[in-house]
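Peer 1: Contents of final01.cif (mmCIF, C-alpha atoms) are below:
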```
data_query
#
loop_
_atom_site.label_atom_id
_atom_site.label_comp_id
_atom_site.auth_asym_id
_atom_site.auth_seq_id
_atom_site.Cartn_x
_atom_site.Cartn_y
_atom_site.Cartn_z
CA MET A 23 181.05 165.57 40.79
CA ASP A 24 177.81 167.55 41.01
CA VAL A 25 174.71 165.43 41.38
CA SER A 26 171.32 167.11 41.67
CA SER A 27 168.89 165.75 44.25
CA GLY A 28 166.16 166.29 41.68
CA TRP A 29 167.62 163.52 39.51
CA TYR A 30 167.38 161.16 42.44
CA LEU A 31 163.79 162.03 43.36
CA ARG A 32 162.45 161.78 39.80
CA THR A 33 164.42 158.60 39.12
CA ARG A 34 163.07 156.94 42.24
CA TYR A 35 159.47 157.84 41.32
CA ARG A 36 159.92 156.73 37.72
CA TYR A 37 161.02 153.30 38.94
CA TRP A 38 157.93 152.92 41.07
CA VAL A 39 155.69 153.76 38.12
CA HIS A 40 157.55 151.58 35.62
CA ARG A 41 157.70 148.50 37.84
CA HIS A 42 154.05 148.98 38.76
CA LEU A 43 153.08 148.91 35.09
CA SER A 44 155.24 145.84 34.56
CA ALA A 45 153.43 144.11 37.40
CA ILE A 46 150.06 144.98 35.87
CA ARG A 47 151.07 143.39 32.58
CA SER A 48 152.28 140.24 34.31
CA ARG A 49 149.00 139.80 36.17
CA GLY A 50 147.03 139.40 32.97
CA GLY A 51 144.84 142.45 33.55
CA PRO A 52 143.41 144.56 30.71
CA PRO A 53 146.81 145.93 29.57
CA SER A 54 148.01 142.40 28.74
CA GLY A 55 145.08 141.69 26.41
CA GLY A 56 144.94 142.03 22.64
CA GLY A 57 144.64 145.22 20.65
CA GLU A 58 140.89 145.60 20.96
CA VAL A 59 141.03 145.04 24.74
CA TRP A 60 143.67 147.74 25.00
CA LEU A 61 141.66 150.22 22.93
CA LYS A 62 138.57 149.74 25.06
CA TYR A 63 140.53 149.77 28.30
CA LEU A 64 142.13 153.15 27.53
CA VAL A 65 138.82 154.92 26.90
CA GLY A 66 138.47 157.57 29.59
CA LYS A 67 141.98 156.88 30.91
CA ALA A 68 144.03 158.61 28.21
CA THR A 69 144.90 161.69 30.26
CA VAL A 70 146.32 159.65 33.14
CA TRP A 71 148.27 157.35 30.82
CA TRP A 72 149.68 160.24 28.79
CA ALA A 73 150.85 161.83 32.06
CA ILE A 74 152.53 158.58 33.13
CA LEU A 75 154.09 158.14 29.71
CA GLY A 76 155.41 161.71 29.69
CA LEU A 77 156.93 161.31 33.14
CA CYS A 78 158.57 158.02 32.21
CA VAL A 79 160.03 159.37 28.97
CA LEU A 80 161.42 162.38 30.81
CA THR A 81 162.97 160.31 33.56
CA ASP A 82 164.41 157.80 31.09
CA PHE A 83 166.62 160.65 29.93
CA LEU A 84 167.55 161.33 33.56
CA PHE A 85 169.12 157.87 33.77
CA VAL A 86 171.93 159.19 31.57
CA PRO A 87 173.38 161.62 34.15
CA VAL A 88 172.74 159.10 36.95
CA ALA A 89 174.68 156.40 35.08
CA PHE A 90 177.44 158.88 34.29
CA SER A 91 177.65 159.88 37.98
CA LEU A 92 177.93 156.24 39.03
CA TYR A 93 180.65 155.72 36.47
CA LEU A 94 182.62 158.68 37.81
CA ALA A 95 182.20 157.46 41.38
CA LEU A 96 183.31 153.88 40.68
CA GLU A 97 185.63 153.98 37.66
CA ARG A 98 188.71 153.90 39.91
CA VAL A 99 187.52 150.58 41.35
CA ASN A 100 186.95 148.80 38.04
CA ARG A 101 186.79 150.97 34.94
CA TYR A 102 185.96 148.19 32.49
CA ALA A 103 183.15 146.76 34.62
CA MET A 104 181.64 150.22 34.95
CA LEU A 105 181.85 150.72 31.21
CA VAL A 106 179.87 147.50 30.75
CA ALA A 107 177.34 148.55 33.41
CA THR A 108 176.95 151.99 31.85
CA ALA A 109 176.43 150.36 28.46
CA PHE A 110 173.60 148.25 29.90
CA VAL A 111 171.98 151.35 31.38
CA GLY A 112 172.32 153.16 28.06
CA LEU A 113 170.85 150.18 26.23
CA PHE A 114 167.93 150.18 28.65
CA VAL A 115 167.24 153.86 28.03
CA VAL A 116 167.31 153.45 24.24
CA LEU A 117 165.15 150.31 24.20
CA ASP A 118 162.70 151.64 26.76
CA LEU A 119 162.15 154.78 24.73
CA ALA A 120 162.10 153.05 21.35
CA VAL A 121 160.02 150.01 22.28
CA THR A 122 158.13 150.31 25.55
CA TRP A 123 156.90 153.89 25.58
CA THR A 124 156.61 154.19 21.82
CA ASN A 125 154.15 151.28 21.79
CA TYR A 126 152.22 152.73 24.72
CA ALA A 127 151.97 156.00 22.81
CA SER A 128 150.73 154.12 19.77
CA LEU A 129 148.00 152.42 21.79
CA LEU A 130 146.90 155.70 23.33
CA THR A 131 146.71 157.37 19.93
CA LEU A 132 144.89 154.42 18.37
CA SER A 133 142.42 154.33 21.27
CA GLY A 134 141.33 157.89 20.51
CA LEU A 135 141.04 157.17 16.79
CA HIS A 136 139.13 153.97 17.45
CA ALA A 137 136.64 155.78 19.68
CA ALA A 138 136.11 158.43 17.00
CA ALA A 139 135.78 155.94 14.10
CA THR A 140 132.53 156.15 12.16
CA ASN A 141 132.42 152.69 10.58
CA ASP A 142 133.54 149.11 11.18
CA VAL A 143 136.24 149.20 8.51
CA GLN A 144 138.04 152.03 10.28
CA ARG A 145 137.67 150.35 13.67
CA ALA A 146 139.03 147.06 12.30
CA GLY A 147 142.07 148.88 10.92
CA TYR A 148 142.81 150.50 14.27
CA VAL A 149 142.40 147.18 16.09
CA ALA A 150 144.81 145.50 13.68
CA ALA A 151 147.39 148.21 14.32
CA ALA A 152 146.85 147.95 18.08
CA ASN A 153 147.36 144.19 17.97
CA TYR A 154 150.99 144.70 16.99
CA ALA A 155 151.72 147.15 19.82
CA SER A 156 149.97 145.02 22.43
CA ALA A 157 151.79 141.90 21.25
CA VAL A 158 155.14 143.68 21.66
CA LEU A 159 154.26 144.84 25.20
CA ALA A 160 153.13 141.34 26.18
CA SER A 161 156.26 139.60 24.87
CA ARG A 162 159.14 138.20 26.90
CA THR A 163 161.46 140.28 24.75
CA GLU A 164 159.86 143.45 26.08
CA VAL A 165 160.38 142.18 29.64
CA PHE A 166 164.07 141.91 28.78
CA TYR A 167 164.08 145.43 27.36
CA SER A 168 162.24 147.02 30.29
CA ILE A 169 163.67 145.05 33.24
CA VAL A 170 166.40 142.52 32.53
CA ASP A 171 168.94 144.63 30.67
CA PHE A 172 168.90 147.32 33.35
CA SER A 173 169.06 144.62 36.05
CA LEU A 174 172.25 143.33 34.42
CA GLY A 175 173.69 146.80 34.79
CA ILE A 176 172.64 146.96 38.44
CA LEU A 177 174.20 143.55 39.06
CA VAL A 178 177.55 144.62 37.65
CA ILE A 179 177.43 147.90 39.60
CA GLY A 180 176.67 145.93 42.78
CA PHE A 181 179.81 143.83 42.34
CA VAL A 182 181.91 146.95 41.76
CA MET A 183 180.40 148.61 44.85
CA LEU A 184 181.48 145.64 46.97
CA LYS A 185 185.09 146.15 45.90
CA GLY A 186 185.04 149.93 46.25
CA LYS A 187 185.47 150.35 49.98
CA GLY A 188 184.20 153.61 51.42
CA ILE A 189 182.38 154.81 48.31
CA PHE A 190 179.05 152.99 48.72
CA SER A 191 177.93 150.91 51.68
CA LYS A 192 177.78 147.13 51.56
CA THR A 193 174.03 147.42 52.08
CA THR A 194 173.75 149.35 48.83
CA ALA A 195 175.96 146.83 47.05
CA TYR A 196 173.98 143.81 48.26
CA LEU A 197 170.70 145.52 47.38
CA GLY A 198 172.06 145.99 43.87
CA LEU A 199 173.11 142.36 43.62
CA ALA A 200 169.71 141.14 44.84
CA ALA A 201 167.80 143.52 42.55
CA GLY A 202 169.93 142.43 39.61
CA ILE A 203 169.39 138.73 40.26
CA PHE A 204 165.63 139.03 40.70
CA GLY A 205 165.45 141.26 37.63
CA ILE A 206 167.20 138.65 35.52
CA VAL A 207 164.95 135.90 36.89
CA SER A 208 161.88 138.02 36.05
CA ILE A 209 162.29 136.99 32.40
CA SER A 210 160.34 133.92 33.52
CA GLY A 211 157.30 136.16 33.94
CA VAL A 212 156.67 134.96 37.52
CA PHE A 213 154.78 137.74 39.29
CA VAL A 214 156.61 137.48 42.63
CA THR A 215 160.05 137.94 41.03
CA ILE A 216 158.89 141.13 39.29
CA ILE A 217 157.47 142.52 42.53
CA ILE A 218 160.62 141.68 44.52
CA ASN A 219 162.74 143.26 41.78
CA ALA A 220 160.54 146.37 41.88
CA VAL A 221 160.90 146.76 45.64
CA LEU A 222 164.64 146.06 45.71
CA THR A 223 165.35 148.34 42.76
CA THR A 224 163.36 151.19 44.30
CA VAL A 225 165.24 150.88 47.60
CA TRP A 226 168.57 150.58 45.77
CA VAL A 227 167.87 153.73 43.75
CA TRP A 228 167.02 155.51 47.01
CA PHE A 229 170.36 154.52 48.56
CA VAL A 230 172.31 155.32 45.40
CA GLY A 231 170.62 158.68 44.95
CA TYR A 232 171.27 159.71 48.53
CA ARG A 233 174.92 158.67 48.36
CA LEU A 234 175.49 160.42 45.03
CA PHE A 235 173.94 163.55 46.46
CA ARG A 236 176.30 163.39 49.45
CA LEU A 237 179.29 162.79 47.17
CA GLY A 238 178.23 165.78 45.11
CA GLN A 239 178.45 168.00 48.19
CA LYS A 240 182.12 167.16 48.79
#
```
Reformat the file's structure so that it appears as structure tokens.

Peer 2:
Amino acid sequence: MDVSSGWYLRTRYRYWVHRHLSAIRSRGGPPSGGGEVWLKYLVGKATVWWAILGLCVLTDFLFVPVAFSLYLALERVNRYAMLVATAFVGLFVVLDLAVTWTNYASLLTLSGLHAAATNDVQRAGYVAAANYASAVLASRTEVFYSIVDFSLGILVIGFVMLKGKGIFSKTTAYLGLAAGIFGIVSISGVFVTIIINAVLTTVWVWFVGYRLFRLGQK
């Protein structure tokens, strides 16, 4: 099994960015407002947000080889559980790309059009379109897409790690279990659960990435 350290580094950073943005939305700051609030908020910030979006889209694709590597490492312990976990990871990638980052891209594009609009009719049209994207990003369903479904995968992987002696440490397994539980609870929208999930998931990815890298050297 050949696992690149670059996958691990980019994946770890992507998690920090994604969970940070999730925390911003949960705090009720500008990104959690309606369409017009979003359009005004993004003025002058488009370059930074496009960079974040591009990084997150790229690293979403990198979850595919990471999930595949975990499957190869743990399939001998419980093949069916790892198939379920891999399915959750795959579902996360698809939904994150199709829902989360597509709506962010829509808001960024609409923000530029709104700023360049020459009359109120045009601006009203762009605001109406932005209202849909902002409503999706503020919904509990989107929290499930961006956090909970992947946390379910982590939870299952954590249980498999506990049974697979010598492959991953118990610390890594328990981190996965804790991250999965707090990720599932985050559907409540409570800020502290999202932050705890963000920290635990980041640390878990660090441990997993390092171990996969070491396994890849054998």

Peer 1: I'd like the contact shell of A:Phe90 - 12 Å cut-off, all atoms listed in the file, skipping same-chain residues fewer than 2 positions apart - returned as a PyMOL selection string.

Peer 2: chain A and resi 23-25+83-88+92-97+104-105+107-109+111-112+234

Peer 1: I'd like to see the residues matched by the PyMOL selection byres ((chain A and resi 174-183) around 10) on this file, and ideally I'd get them as an MDAnalysis selection string.

Peer 2: chainID A and resid 89 92:93 95:101 103:114 169:173 184:206 223 226:227

Peer 1: Just how far from atom CA of A:Leu77 is atom CA of A:Val121, in Å to one decimal?

Peer 2: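 It comes out at 16.0 Å.
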
Peer 1: Do a neighbour search on A:Ser156 at 10 Å with only C-alpha atoms, toss out local chain neighbours closer than 4 positions, and write the hits as an MDAnalysis selection string.

Peer 2: chainID A and resid 53:61 125:126 128:129 151:152 160:161

Peer 1: Quote the spacing between atom CA of A:Ala137 and atom CA of A:Trp71 in Å to one decimal place.

Peer 2: 16.2 Å

Peer 1: Per residue of stretch 148-198 of chain A within 12 Å of stretch 138-144 of chain A, note the shortest atom pair and the distance in Å to one decimal, counting only C-alpha atoms, and order the rows by chain and increasing residue number, as a tab-separated table.

Peer 2:
```
residue	atom	partner	partner_atom	distance
A:Tyr148	CA	A:Gln144	CA	6.4
A:Val149	CA	A:Gln144	CA	8.7
A:Ala150	CA	A:Gln144	CA	10.0
A:Ala151	CA	A:Gln144	CA	10.9
```

Peer 1: Would you put the residues from that selection into a file with C-alpha atoms, as a tab-separated table (two decimals), keeping the file's coordinate frame?

Peer 2:
```tsv
chain	number	residue	atom	x	y	z
A	148	TYR	CA	142.81	150.50	14.27
A	149	VAL	CA	142.40	147.18	16.09
A	150	ALA	CA	144.81	145.50	13.68
A	151	ALA	CA	147.39	148.21	14.32
```

Peer 1: So what do you get for atom CA of A:Thr215 versus atom CA of A:Thr124, distance-wise?

Peer 2: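 Those two atoms sit 25.4 Å apart.
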
Peer 1: What's around A:Asp82 at 8 Å? Count only C-alpha atoms, leave out sequence neighbours fewer than 4 positions away in its own chain, and write the answer as JSON, numbers by chain.

Peer 2: {"A": [78, 86, 115, 118, 119]}

Peer 1: Since the input lacks atoms, please generate N, CA and C atoms for stretch 224-235 of chain A and provide them as a PDB file, in the coordinates of the input.

Peer 2:
```pdb
ATOM      1  N   THR A 224     163.772 149.906  43.757  1.00  0.00           N
ATOM      2  CA  THR A 224     163.360 151.190  44.300  1.00  0.00           C
ATOM      3  C   THR A 224     164.212 151.568  45.510  1.00  0.00           C
ATOM      4  N   VAL A 225     164.420 150.615  46.417  1.00  0.00           N
ATOM      5  CA  VAL A 225     165.240 150.880  47.600  1.00  0.00           C
ATOM      6  C   VAL A 225     166.687 151.153  47.196  1.00  0.00           C
ATOM      7  N   TRP A 226     167.202 150.379  46.241  1.00  0.00           N
ATOM      8  CA  TRP A 226     168.570 150.580  45.770  1.00  0.00           C
ATOM      9  C   TRP A 226     168.749 151.970  45.176  1.00  0.00           C
ATOM     10  N   VAL A 227     167.802 152.404  44.347  1.00  0.00           N
ATOM     11  CA  VAL A 227     167.870 153.730  43.750  1.00  0.00           C
ATOM     12  C   VAL A 227     167.851 154.803  44.843  1.00  0.00           C
ATOM     13  N   TRP A 228     167.069 154.574  45.882  1.00  0.00           N
ATOM     14  CA  TRP A 228     167.020 155.510  47.010  1.00  0.00           C
ATOM     15  C   TRP A 228     168.398 155.643  47.646  1.00  0.00           C
ATOM     16  N   PHE A 229     169.038 154.512  47.944  1.00  0.00           N
ATOM     17  CA  PHE A 229     170.360 154.520  48.560  1.00  0.00           C
ATOM     18  C   PHE A 229     171.396 155.154  47.635  1.00  0.00           C
ATOM     19  N   VAL A 230     171.356 154.776  46.368  1.00  0.00           N
ATOM     20  CA  VAL A 230     172.310 155.320  45.400  1.00  0.00           C
ATOM     21  C   VAL A 230     172.134 156.824  45.255  1.00  0.00           C
ATOM     22  N   GLY A 231     170.894 157.258  45.112  1.00  0.00           N
ATOM     23  CA  GLY A 231     170.620 158.680  44.950  1.00  0.00           C
ATOM     24  C   GLY A 231     171.102 159.500  46.128  1.00  0.00           C
ATOM     25  N   TYR A 232     170.843 158.991  47.321  1.00  0.00           N
ATOM     26  CA  TYR A 232     171.270 159.710  48.530  1.00  0.00           C
ATOM     27  C   TYR A 232     172.794 159.802  48.594  1.00  0.00           C
ATOM     28  N   ARG A 233     173.464 158.678  48.300  1.00  0.00           N
ATOM     29  CA  ARG A 233     174.920 158.670  48.360  1.00  0.00           C
ATOM     30  C   ARG A 233     175.535 159.569  47.287  1.00  0.00           C
ATOM     31  N   LEU A 234     174.979 159.551  46.087  1.00  0.00           N
ATOM     32  CA  LEU A 234     175.490 160.420  45.030  1.00  0.00           C
ATOM     33  C   LEU A 234     175.296 161.888  45.392  1.00  0.00           C
ATOM     34  N   PHE A 235     174.188 162.172  46.022  1.00  0.00           N
ATOM     35  CA  PHE A 235     173.940 163.550  46.460  1.00  0.00           C
ATOM     36  C   PHE A 235     174.993 163.975  47.473  1.00  0.00           C
TER      37      PHE A 235
END
```
